[in-house]
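Here's coords_24.cif, which has mmCIF, C-alpha atoms:
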data_protein
loop_
_atom_site.label_atom_id
_atom_site.label_comp_id
_atom_site.auth_asym_id
_atom_site.auth_seq_id
_atom_site.Cartn_x
_atom_site.Cartn_y
_atom_site.Cartn_z
CA MET P 9 83.89 -97.30 -114.45
CA LYS P 10 84.53 -99.75 -117.26
CA PRO P 11 84.36 -103.41 -116.13
CA LEU P 12 88.02 -104.25 -116.70
CA LEU P 13 89.65 -100.91 -116.01
CA PHE P 14 91.55 -102.26 -113.03
CA LEU P 15 93.16 -104.96 -115.16
CA LYS P 16 94.42 -102.42 -117.63
CA HIS P 17 95.74 -100.17 -114.91
CA TYR P 18 97.14 -102.59 -112.36
CA LEU P 19 97.74 -106.06 -113.77
CA SER P 20 100.37 -104.62 -116.07
CA ILE P 21 103.21 -106.64 -117.52
CA LEU P 22 106.43 -104.65 -117.60
CA LEU P 23 109.89 -105.56 -118.84
CA ILE P 24 110.97 -108.11 -116.25
CA PHE P 25 108.48 -110.48 -114.74
CA GLY P 26 108.42 -110.20 -110.97
CA ALA P 27 107.09 -113.08 -108.91
CA PHE P 28 107.06 -115.13 -105.81
CA VAL P 29 106.46 -118.25 -103.84
CA SER P 30 107.79 -119.96 -100.83
CA GLY P 31 107.18 -119.98 -97.19
CA PHE P 32 109.07 -122.29 -94.95
CA SER P 33 109.89 -122.19 -91.28
CA GLN P 34 109.97 -124.83 -88.61
CA VAL P 35 110.50 -122.42 -85.73
CA GLU P 36 110.01 -123.71 -82.23
CA LYS P 37 109.67 -121.13 -79.47
CA ASP P 38 108.45 -121.39 -75.89
CA SER P 39 105.61 -118.97 -76.57
CA LEU P 40 104.55 -120.51 -79.86
CA ILE P 41 102.84 -123.72 -80.99
CA GLU P 42 103.43 -124.65 -84.63
CA ILE P 43 101.22 -127.25 -86.29
CA THR P 44 101.82 -128.62 -89.78
CA GLY P 45 99.53 -131.16 -91.36
CA LYS P 46 97.19 -132.00 -94.22
CA ILE P 47 93.46 -131.73 -94.98
CA ILE P 48 92.05 -134.71 -96.91
CA ASP P 49 88.77 -136.25 -98.08
CA SER P 50 87.74 -138.94 -95.56
CA LYS P 51 86.89 -141.49 -98.26
CA THR P 52 89.34 -140.87 -101.09
CA ASN P 53 92.25 -139.37 -99.10
CA ASP P 54 92.51 -136.73 -101.82
CA PRO P 55 93.96 -133.41 -100.62
CA LEU P 56 91.45 -130.59 -100.06
CA VAL P 57 92.77 -127.38 -101.59
CA PHE P 58 92.17 -124.00 -99.90
CA ALA P 59 90.42 -125.45 -96.82
CA ASP P 60 89.89 -122.84 -94.11
CA LEU P 61 91.28 -123.32 -90.57
CA LEU P 62 90.15 -120.92 -87.81
CA VAL P 63 91.23 -120.98 -84.14
CA SER P 64 88.24 -120.75 -81.78
CA ASP P 65 87.64 -117.52 -79.84
CA SER P 66 90.19 -115.70 -81.97
CA ASN P 67 90.73 -114.27 -85.44
CA ILE P 68 93.80 -116.44 -86.12
CA ALA P 69 93.39 -118.43 -89.31
CA THR P 70 95.19 -120.05 -92.20
CA ILE P 71 94.41 -121.99 -95.36
CA SER P 72 95.64 -125.24 -96.92
CA ASN P 73 97.78 -125.03 -100.06
CA THR P 74 97.29 -126.70 -103.45
CA GLU P 75 98.57 -129.98 -102.00
CA GLY P 76 96.23 -129.83 -98.99
CA ASN P 77 99.08 -129.02 -96.60
CA TYR P 78 98.78 -126.35 -93.92
CA ILE P 79 100.92 -124.66 -91.29
CA LEU P 80 99.46 -122.85 -88.28
CA LYS P 81 101.23 -120.91 -85.53
CA LEU P 82 99.41 -119.95 -82.36
CA PRO P 83 100.31 -118.87 -78.81
CA SER P 84 101.16 -121.73 -76.44
CA ASP P 85 98.36 -120.72 -74.07
CA TYR P 86 95.88 -121.67 -76.83
CA LEU P 87 96.48 -125.37 -76.15
CA ASN P 88 93.00 -125.75 -74.63
CA ARG P 89 91.26 -124.23 -77.65
CA SER P 90 89.93 -125.86 -80.78
CA ILE P 91 90.32 -125.36 -84.53
CA THR P 92 87.37 -125.26 -86.93
CA ILE P 93 87.97 -126.57 -90.45
CA THR P 94 85.58 -125.71 -93.28
CA TYR P 95 85.57 -126.58 -96.96
CA LEU P 96 83.04 -126.08 -99.71
CA GLY P 97 80.78 -129.12 -100.02
CA TYR P 98 82.02 -130.73 -96.79
CA ALA P 99 80.74 -130.90 -93.21
CA GLU P 100 82.39 -128.44 -90.84
CA LYS P 101 84.71 -130.07 -88.31
CA GLU P 102 85.94 -128.78 -84.94
CA ILE P 103 89.00 -130.41 -83.35
CA ALA P 104 90.86 -129.64 -80.12
CA VAL P 105 94.36 -128.23 -80.58
CA ALA P 106 95.74 -130.97 -78.32
CA THR P 107 94.18 -133.62 -80.59
CA ILE P 108 95.64 -132.06 -83.74
CA LEU P 109 99.08 -132.01 -82.15
CA GLU P 110 98.82 -135.81 -81.86
CA ASN P 111 97.49 -136.30 -85.40
CA SER P 112 97.70 -133.30 -87.72
CA THR P 113 96.11 -135.04 -90.72
CA ILE P 114 92.47 -133.93 -90.77
CA SER P 115 89.80 -135.73 -92.79
CA LEU P 116 86.51 -134.09 -93.78
CA ASP P 117 83.26 -135.78 -94.83
CA ALA P 118 81.51 -134.73 -98.04
CA THR P 119 77.99 -133.43 -97.46
CA PHE P 120 75.13 -134.09 -99.84
CA THR P 121 71.98 -132.03 -99.35
CA PRO P 122 69.20 -132.60 -101.91
CA LEU P 123 67.43 -129.35 -102.73
CA GLU P 124 63.98 -130.83 -102.21
CA GLU P 125 64.78 -131.47 -98.54
CA ILE P 126 65.57 -127.84 -97.85
CA ASN P 127 62.69 -125.61 -96.86
CA ILE P 128 64.02 -122.50 -98.61
CA SER P 129 62.37 -120.97 -101.65
CA ARG P 130 64.85 -120.32 -104.44
CA PRO P 131 64.60 -117.02 -106.38
CA LYS P 132 62.85 -117.28 -109.73
CA SER P 133 66.04 -116.73 -111.71
CA ALA P 134 69.80 -116.85 -111.13
CA GLU P 135 70.12 -113.21 -112.19
CA ILE P 136 67.61 -112.12 -109.54
CA LEU P 137 69.64 -114.03 -106.95
CA VAL P 138 72.84 -112.23 -108.02
CA ARG P 139 71.07 -108.87 -107.76
CA PHE P 140 69.87 -109.82 -104.25
CA MET P 141 73.49 -110.68 -103.39
CA LEU P 142 74.71 -107.24 -104.47
CA GLU P 143 71.84 -105.38 -102.82
CA ARG P 144 72.31 -107.10 -99.44
CA LYS P 145 76.01 -106.29 -99.19
CA ALA P 146 75.56 -103.93 -96.21
CA ASP P 147 73.55 -106.54 -94.29
CA ASN P 148 75.83 -109.51 -94.91
CA TYR P 149 79.37 -108.12 -94.62
CA ILE P 150 81.31 -106.39 -91.85
CA GLU P 151 80.76 -102.70 -92.48
CA SER P 152 83.26 -101.24 -90.00
CA GLY P 153 86.89 -100.82 -90.94
CA LEU P 154 89.17 -103.83 -90.47
CA GLU P 155 92.90 -104.04 -89.90
CA MET P 156 94.05 -107.36 -91.32
CA THR P 157 97.30 -109.28 -91.28
CA GLY P 158 97.79 -111.10 -94.56
CA PHE P 159 100.36 -113.40 -96.12
CA TYR P 160 101.01 -112.70 -99.81
CA ARG P 161 102.92 -114.95 -102.18
CA GLU P 162 103.84 -114.32 -105.82
CA THR P 163 105.52 -116.81 -108.20
CA ILE P 164 106.65 -116.76 -111.79
CA LYS P 165 107.54 -119.81 -113.83
CA LYS P 166 109.02 -120.12 -117.28
CA ARG P 167 107.26 -123.22 -118.48
CA ARG P 168 107.60 -125.56 -115.48
CA GLN P 169 110.70 -124.00 -113.92
CA ASN P 170 110.53 -121.34 -111.22
CA ALA P 171 112.13 -118.08 -112.33
CA SER P 172 111.18 -115.71 -109.52
CA LEU P 173 109.78 -116.02 -106.02
CA SER P 174 108.68 -113.32 -103.58
CA GLU P 175 106.44 -113.19 -100.54
CA ALA P 176 105.39 -110.79 -97.82
CA VAL P 177 103.50 -110.37 -94.57
CA VAL P 178 101.36 -107.25 -94.92
CA SER P 179 98.99 -105.12 -92.87
CA ILE P 180 95.82 -104.36 -94.80
CA TYR P 181 93.70 -101.39 -93.78
CA LYS P 182 90.39 -102.61 -95.16
CA GLU P 183 87.79 -99.96 -95.77
CA PRO P 184 84.10 -100.87 -95.27
CA ASN P 185 82.52 -102.42 -98.36
CA GLY P 186 80.16 -99.48 -98.63
CA SER P 187 83.02 -96.96 -98.67
CA TYR P 188 84.47 -95.62 -101.91
CA LYS P 189 87.89 -95.31 -100.29
CA GLN P 190 90.55 -97.74 -101.48
CA ASP P 191 92.14 -100.23 -99.09
CA ALA P 192 95.71 -99.53 -97.95
CA VAL P 193 98.58 -102.02 -97.71
CA GLU P 194 101.69 -101.78 -95.52
CA ILE P 195 104.65 -104.17 -95.71
CA ILE P 196 105.67 -105.85 -92.46
CA LYS P 197 108.11 -108.43 -93.84
CA VAL P 198 109.12 -109.21 -97.42
CA ARG P 199 111.68 -111.34 -99.25
CA LYS P 200 112.43 -112.53 -102.77
CA ASN P 201 114.57 -114.75 -104.92
CA THR P 202 115.03 -114.49 -108.67
CA ASN P 203 116.85 -116.68 -111.15
CA TYR P 204 117.24 -114.33 -114.09
CA SER P 205 118.94 -117.02 -116.17
CA LYS P 206 115.48 -118.59 -116.54
CA LEU P 207 114.09 -115.37 -117.97
CA ASP P 208 116.39 -115.12 -120.99
CA THR P 209 116.39 -111.62 -122.47
CA LEU P 210 112.83 -110.92 -121.38
CA ALA P 211 111.83 -110.45 -117.79
CA LEU P 212 108.45 -109.42 -116.48
CA LYS P 213 107.18 -107.59 -113.44
CA LEU P 214 103.73 -107.65 -111.95
CA GLN P 215 102.52 -104.17 -111.13
CA GLY P 216 100.20 -103.96 -108.14
CA GLY P 217 101.34 -106.89 -105.99
CA PRO P 218 98.92 -107.48 -103.07
CA PHE P 219 96.50 -104.89 -104.47
CA ASN P 220 95.68 -107.22 -107.36
CA ASN P 221 94.47 -109.85 -104.91
CA LEU P 222 92.42 -107.29 -103.00
CA TYR P 223 90.67 -106.23 -106.19
CA VAL P 224 89.44 -109.82 -106.62
CA ASP P 225 87.18 -109.09 -103.62
CA ILE P 226 83.90 -108.85 -105.54
CA MET P 227 81.90 -107.43 -102.64
CA LYS P 228 84.33 -104.55 -102.05
CA TYR P 229 85.08 -103.88 -105.73
CA PRO P 230 82.03 -105.11 -107.68
CA GLN P 231 82.68 -102.54 -110.43
CA TYR P 232 85.72 -104.55 -111.55
CA ILE P 233 83.70 -107.69 -112.28
CA PHE P 234 79.99 -106.95 -112.25
CA SER P 235 77.89 -104.41 -110.45
CA THR P 236 74.19 -103.65 -110.53
CA GLU P 237 74.90 -101.56 -113.66
CA ASN P 238 76.67 -104.21 -115.75
CA VAL P 239 74.98 -107.40 -114.51
CA SER P 240 72.93 -107.23 -117.72
CA ASN P 241 76.12 -108.03 -119.70
CA TYR P 242 76.01 -111.59 -118.35
CA GLU P 243 73.93 -114.72 -118.64
CA PHE P 244 73.24 -116.52 -115.32
CA SER P 245 72.04 -120.06 -114.63
CA PHE P 246 71.66 -122.32 -111.60
CA ASP P 247 74.08 -125.20 -111.07
CA LYS P 248 73.78 -128.02 -108.52
CA SER P 249 73.68 -126.59 -104.99
CA THR P 250 76.25 -127.47 -102.33
CA VAL P 251 76.93 -126.96 -98.62
CA ILE P 252 79.39 -124.78 -96.71
CA ASN P 253 79.56 -124.44 -92.94
CA ASP P 254 76.57 -126.81 -92.81
CA GLN P 255 74.46 -124.26 -94.75
CA LEU P 256 72.89 -124.69 -98.16
CA VAL P 257 74.72 -122.71 -100.83
CA TYR P 258 73.34 -121.89 -104.28
CA VAL P 259 75.80 -122.26 -107.15
CA VAL P 260 75.32 -119.81 -110.02
CA ASN P 261 77.10 -120.10 -113.37
CA PHE P 262 77.74 -116.91 -115.30
CA LYS P 263 79.24 -115.91 -118.65
CA GLN P 264 79.18 -112.87 -120.88
CA LYS P 265 76.43 -112.54 -123.46
CA PRO P 266 77.47 -113.49 -127.03
CA GLU P 267 76.94 -109.96 -128.35
CA ILE P 268 79.41 -108.45 -125.84
CA ILE P 269 82.76 -107.93 -127.58
CA MET P 270 84.88 -106.71 -124.64
CA PRO P 271 86.51 -109.63 -122.75
CA LEU P 272 84.48 -110.27 -119.60
CA TYR P 273 84.35 -113.14 -117.10
CA TYR P 274 82.81 -116.58 -116.75
CA GLY P 275 82.66 -118.84 -113.71
CA LYS P 276 80.72 -119.79 -110.59
CA LEU P 277 79.32 -117.83 -107.64
CA PHE P 278 78.60 -119.61 -104.34
CA ILE P 279 75.77 -117.77 -102.58
CA ASP P 280 74.39 -118.57 -99.12
CA ALA P 281 70.76 -119.65 -99.51
CA LYS P 282 69.62 -118.10 -96.24
CA ASN P 283 70.90 -114.52 -96.50
CA TYR P 284 72.17 -114.29 -100.12
CA ALA P 285 75.78 -113.61 -99.09
CA LEU P 286 78.57 -114.46 -101.53
CA THR P 287 80.74 -117.04 -99.77
CA SER P 288 83.14 -117.83 -102.62
CA ALA P 289 83.68 -117.22 -106.33
CA ILE P 290 85.78 -119.02 -108.94
CA TYR P 291 85.98 -117.35 -112.33
CA SER P 292 88.13 -116.68 -115.41
CA LEU P 293 88.61 -113.94 -117.97
CA ASN P 294 87.51 -114.67 -121.52
CA VAL P 295 90.81 -114.47 -123.48
CA GLU P 296 89.54 -115.75 -126.83
CA ASN P 297 90.20 -112.35 -128.39
CA GLN P 298 93.99 -112.28 -127.97
CA ASP P 299 94.49 -108.67 -129.03
CA LEU P 300 91.84 -107.22 -126.71
CA ALA P 301 92.93 -109.47 -123.82
CA SER P 302 96.57 -108.45 -124.34
CA GLU P 303 95.62 -104.76 -124.08
CA LEU P 304 94.20 -105.39 -120.63
CA PHE P 305 97.46 -106.75 -119.24
CA VAL P 306 100.50 -105.64 -121.20
CA LYS P 307 101.73 -102.15 -120.44
CA ARG P 308 105.17 -102.10 -122.08
CA LYS P 309 107.02 -104.58 -124.26
CA PRO P 310 109.67 -104.65 -127.01
CA ARG P 311 108.39 -104.09 -130.56
CA ARG P 312 109.72 -107.47 -131.67
CA VAL P 313 107.71 -109.43 -129.15
CA LYS P 314 104.04 -110.31 -128.88
CA VAL P 315 102.71 -111.06 -125.39
CA TYR P 316 99.18 -112.27 -124.81
CA PRO P 317 97.35 -114.16 -122.04
CA VAL P 318 96.24 -117.74 -122.63
CA GLU P 319 94.45 -118.05 -119.29
CA ALA P 320 93.47 -115.74 -116.43
CA ASN P 321 91.87 -117.48 -113.45
CA TYR P 322 90.65 -115.97 -110.18
CA ARG P 323 89.30 -117.18 -106.85
CA VAL P 324 88.02 -115.37 -103.76
CA ASN P 325 86.84 -116.82 -100.43
CA TYR P 326 84.98 -115.13 -97.59
CA ARG P 327 84.96 -116.11 -93.92
CA ASN P 328 81.96 -115.89 -91.56
CA SER P 329 82.37 -114.32 -88.13
CA ASN P 330 79.30 -114.05 -85.89
CA GLY P 331 76.96 -113.93 -88.85
CA LYS P 332 78.95 -111.38 -90.86
CA TRP P 333 81.30 -112.15 -93.74
CA HIS P 334 84.68 -110.68 -94.67
CA TYR P 335 87.38 -111.23 -97.29
CA SER P 336 89.70 -114.11 -96.32
CA TYR P 337 91.60 -115.41 -99.38
CA SER P 338 92.15 -114.81 -103.07
CA ASN P 339 94.22 -116.44 -105.80
CA ILE P 340 95.20 -115.26 -109.28
CA LEU P 341 96.70 -117.53 -111.94
CA LEU P 342 97.85 -115.89 -115.18
CA THR P 343 99.53 -117.66 -118.09
CA PHE P 344 101.17 -115.67 -120.90
CA LYS P 345 102.63 -116.71 -124.24
CA VAL P 346 105.64 -114.68 -125.36
CA ASN P 347 106.39 -114.83 -129.08
CA TRP P 348 109.61 -113.22 -130.35
CA LYS P 349 109.69 -112.30 -134.00
CA GLY P 350 112.11 -114.57 -135.86
CA ARG P 351 112.11 -117.31 -133.19
CA ILE P 352 110.64 -120.72 -133.85
CA PHE P 353 109.47 -121.53 -130.33
CA ASN P 354 107.24 -119.49 -128.00
CA ASN P 355 107.93 -119.11 -124.29
CA ILE P 356 105.19 -119.73 -121.71
CA TYR P 357 105.25 -117.78 -118.45
CA THR P 358 102.90 -118.48 -115.54
CA LEU P 359 102.28 -116.09 -112.68
CA ASN P 360 100.45 -117.15 -109.55
CA SER P 361 99.68 -114.81 -106.67
CA GLU P 362 97.71 -115.57 -103.54
CA MET P 363 96.89 -113.79 -100.30
CA ALA P 364 95.41 -115.24 -97.11
CA ILE P 365 94.13 -113.26 -94.13
CA THR P 366 95.70 -114.78 -91.03
CA ASN P 367 94.43 -112.33 -88.39
CA TRP P 368 92.18 -109.29 -88.18
CA THR P 369 90.68 -106.77 -85.77
CA TYR P 370 87.86 -104.25 -85.93
CA THR P 371 88.81 -100.60 -86.26
CA ASP P 372 86.80 -97.43 -86.10
CA GLU P 373 85.63 -96.19 -89.51
CA ARG P 374 87.54 -92.98 -88.77
CA TYR P 375 90.84 -94.71 -88.05
CA SER P 376 93.89 -92.99 -89.45
CA ARG P 377 95.90 -95.06 -91.86
CA PRO P 378 99.69 -94.67 -91.93
CA GLU P 379 100.81 -92.01 -94.39
CA ASN P 380 104.12 -91.13 -96.02
CA LYS P 381 105.93 -94.25 -94.90
CA SER P 382 108.41 -96.18 -97.00
CA SER P 383 106.60 -99.40 -96.02
CA ILE P 384 103.32 -98.28 -97.58
CA LEU P 385 102.66 -99.89 -100.96
CA ARG P 386 101.11 -98.00 -103.84
CA PRO P 387 98.74 -99.71 -106.29
CA SER P 388 101.51 -99.24 -108.88
CA SER P 389 104.20 -100.81 -106.65
CA ILE P 390 106.13 -103.87 -107.81
CA LEU P 391 106.69 -106.17 -104.84
CA ILE P 392 109.89 -107.71 -106.17
CA ASP P 393 111.48 -104.24 -106.17
CA GLU P 394 110.56 -103.82 -102.49
CA ALA P 395 111.99 -107.18 -101.37
CA SER P 396 115.48 -107.66 -99.98
CA GLY P 397 116.20 -111.36 -100.51
CA PHE P 398 115.58 -114.68 -98.78
CA SER P 399 116.79 -114.94 -95.24
CA ASP P 400 117.12 -117.27 -92.25
CA PRO P 401 114.53 -120.01 -91.50
CA GLU P 402 113.11 -117.99 -88.60
CA PHE P 403 112.40 -115.00 -90.83
CA TRP P 404 108.61 -115.10 -90.35
CA GLY P 405 108.70 -115.53 -86.55
CA GLN P 406 105.16 -115.66 -85.18
CA TYR P 407 103.44 -114.77 -88.46
CA ASN P 408 101.23 -117.36 -90.10
CA ILE P 409 102.05 -118.16 -93.70
CA ILE P 410 100.69 -120.48 -96.36
CA GLU P 411 102.51 -123.81 -96.30
CA PRO P 412 104.71 -123.92 -99.43
CA GLU P 413 104.42 -126.61 -102.02
CA LYS P 414 107.33 -129.04 -101.99
CA SER P 415 108.18 -128.09 -105.57
CA ILE P 416 108.53 -124.47 -104.47
CA GLU P 417 110.73 -125.39 -101.52
CA SER P 418 112.99 -127.34 -103.86
CA ALA P 419 113.12 -124.45 -106.32
CA ILE P 420 114.16 -122.03 -103.59
CA GLU P 421 116.90 -124.36 -102.40
CA LYS P 422 118.25 -124.79 -105.93
CA ILE P 423 118.17 -121.07 -106.67
CA GLN P 424 119.83 -120.26 -103.34
CA LYS P 425 122.64 -122.76 -104.07
CA GLN P 426 123.17 -121.15 -107.47
CA LEU P 427 123.35 -117.71 -105.89
CA ASP P 428 125.75 -118.96 -103.20
CA LYS P 429 128.08 -120.39 -105.87
CA SER P 430 128.09 -117.15 -107.79
#

Could you spell out this file's structure in structure tokens?
Amino acid sequence: MKPLLFLKHYLSILLIFGAFVSGFSQVEKDSLIEITGKIIDSKTNDPLVFADLLVSDSNIATISNTEGNYILKLPSDYLNRSITITYLGYAEKEIAVATILENSTISLDATFTPLEEINISRPKSAEILVRFMLERKADNYIESGLEMTGFYRETIKKRRQNASLSEAVVSIYKEPNGSYKQDAVEIIKVRKNTNYSKLDTLALKLQGGPFNNLYVDIMKYPQYIFSTENVSNYEFSFDKSTVINDQLVYVVNFKQKPEIIMPLYYGKLFIDAKNYALTSAIYSLNVENQDLASELFVKRKPRRVKVYPVEANYRVNYRNSNGKWHYSYSNILLTFKVNWKGRIFNNIYTLNSEMAITNWTYTDERYSRPENKSSILRPSSILIDEASGFSDPEFWGQYNIIEPEKSIESAIEKIQKQLDKS
């Protein structure tokens, strides 16, 4: 399979840009504890973005947003449990639920681990390390099927103003990494809000929805980024190592070789030094060649308009459970420039989608996935077409969501007032 085939097939821009973002709910129920707070650096008080929070003796988890804020719902009988907070480059911290209820602002300490103090021999080259990472996939990652509950959020902005917001709680039927079968996604809850006045005469829809974020999972879908066959298209180099979950992590930089014409990726891989497992990856698509990059994303557009990406950024995080890793979070940020023939000014549209796994259970590899249901998403589905509109504050009930940014909350309120007036 060609390296970027999934981009061309799924991350398609159609007429009308569908999007998302929000997630609010201060629901108080007898059977539910809801905690909202912030993760910060202990010295600088800077917010820690995408910090992982996991409830002990359970698979309940959440993640902090781009402002460091988090929201976590858990059963009331979990009051005697603790929550483990992890963040790349920081010491892991475990805090009792009762303590967090008293003070929900959590500070983490940066960890510095000089390489010379670690008794682990580093591979001779960064490329060899990456090949080890791919070869040890079966040893390092959960290889049985998983049924996951995920929260998905999709937003579109025209310049700095929100134009469309949609979000969903989904069930993900995750196939083993070694299986060639594609993951399945079922909608549990979904809602949207769109301000078409912000979109002028051009609107855009993202084809694929939650599937796009699943395809960012390098260890399940290595063929979309690099596999053992196309690793040779990249240059790899070691960066300064870091720490995650109190374990040394190698940091590998990668970029496409100069002679490769097709747009490929560049970024960083965070690889556990002990077992060579990929713990996180942050990378971007090379969009210097506007025409080739546009072909990867744009499926249909008017003849009088030119649409091309100016940035395409990706992130994926994995979570460790009893020595085995699994997909836990991914984020996609795409920025497009839309140039209408005969117009002086270009329009800039930004799409951001993210998905966090908030709960999961093991399933037998032979489990039967739901078939022929209206709630089942196809890889070609457009989430905004499946959504029914924003609803009451208790819409999400017991489901964990990603705490919304304040700017998003404000945008939803403004859009809802506009819709109410009309």

*To verify the selection step, state as a list of chain:residue names which residues the PyMOL selection byres ((chain P and resi 331) around 10) yields on this input.*
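The output of the PyMOL selection byres ((chain P and resi 331) around 10) on this file is P:Asp147, P:Asn148, P:Tyr149, P:Ile150, P:Asn283, P:Arg327, P:Asn328, P:Ser329, P:Asn330, P:Lys332, P:Trp333.
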
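Between Ile384 (chain P) and the candidates P:Glu194, P:Glu413, P:Glu155, P:Asp280, the tightest atom-to-atom separation, counting all atoms listed in the file, involves P:Glu194.
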
*Excluding Gln255 (chain P) and residues on its chain fewer than 5 positions from it, collect all residues at most 10 Å away from it, counting all atoms listed in the file, and give them as number ranges by chain.*
P: 97, 99-100, 121, 250, 280-282

*Rank P:Tyr357, P:Tyr229, P:Pro412, P:Thr369 by their smallest atom-to-atom distance to Ala171 (chain P), using only C-alpha atoms, and report the top residue only.*
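Closest residue, counting only C-alpha atoms: P:Tyr357.
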
*asked:* Translate the PyMOL selection byres ((chain P and resi 65) around 10) into a concrete residue list for this structure, as a PyMOL selection string.
replied: chain P and resi 62-64+66-68+86+89-91

Residues selected by the PyMOL selection byres ((chain P and resi 228) around 10), written as a compact mmCIF listing (two decimals) with C-alpha atoms, in the frame of the given file:
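Saved as expr_37.txt:
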# COMPACT_ATOMS: atom_id res chain seq x y z
CA LYS P 145 76.01 -106.29 -99.19
CA TYR P 149 79.37 -108.12 -94.62
CA LYS P 182 90.39 -102.61 -95.16
CA GLU P 183 87.79 -99.96 -95.77
CA PRO P 184 84.10 -100.87 -95.27
CA ASN P 185 82.52 -102.42 -98.36
CA GLY P 186 80.16 -99.48 -98.63
CA SER P 187 83.02 -96.96 -98.67
CA TYR P 188 84.47 -95.62 -101.91
CA GLN P 190 90.55 -97.74 -101.48
CA ASP P 191 92.14 -100.23 -99.09
CA LEU P 222 92.42 -107.29 -103.00
CA TYR P 223 90.67 -106.23 -106.19
CA VAL P 224 89.44 -109.82 -106.62
CA ASP P 225 87.18 -109.09 -103.62
CA ILE P 226 83.90 -108.85 -105.54
CA MET P 227 81.90 -107.43 -102.64
CA TYR P 229 85.08 -103.88 -105.73
CA PRO P 230 82.03 -105.11 -107.68
CA GLN P 231 82.68 -102.54 -110.43
CA TYR P 232 85.72 -104.55 -111.55
CA HIS P 334 84.68 -110.68 -94.67
CA TYR P 335 87.38 -111.23 -97.29

*Name the closest residue to Val346 (chain P) among the candidates P:Lys166, P:Ser179, P:Phe278, P:Phe234; distances are taken between atoms, counting only C-alpha atoms.*
P:Lys166

*With a distance cut-off of 9 Å and all atoms listed in the file, select the neighbouring residues of Asp85 (chain P), excluding the residue or stretch itself and same-chain residues fewer than 5 positions from it, and output the selection as a PyMOL selection string.*
chain P and resi 39-41

*State, in Å with one decimal place, the distance from CA of Trp348 (chain P) to CA of Asn360 (chain P).*
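Between CA of Trp348 (chain P) and CA of Asn360 (chain P) the gap works out to 23.1 Å.
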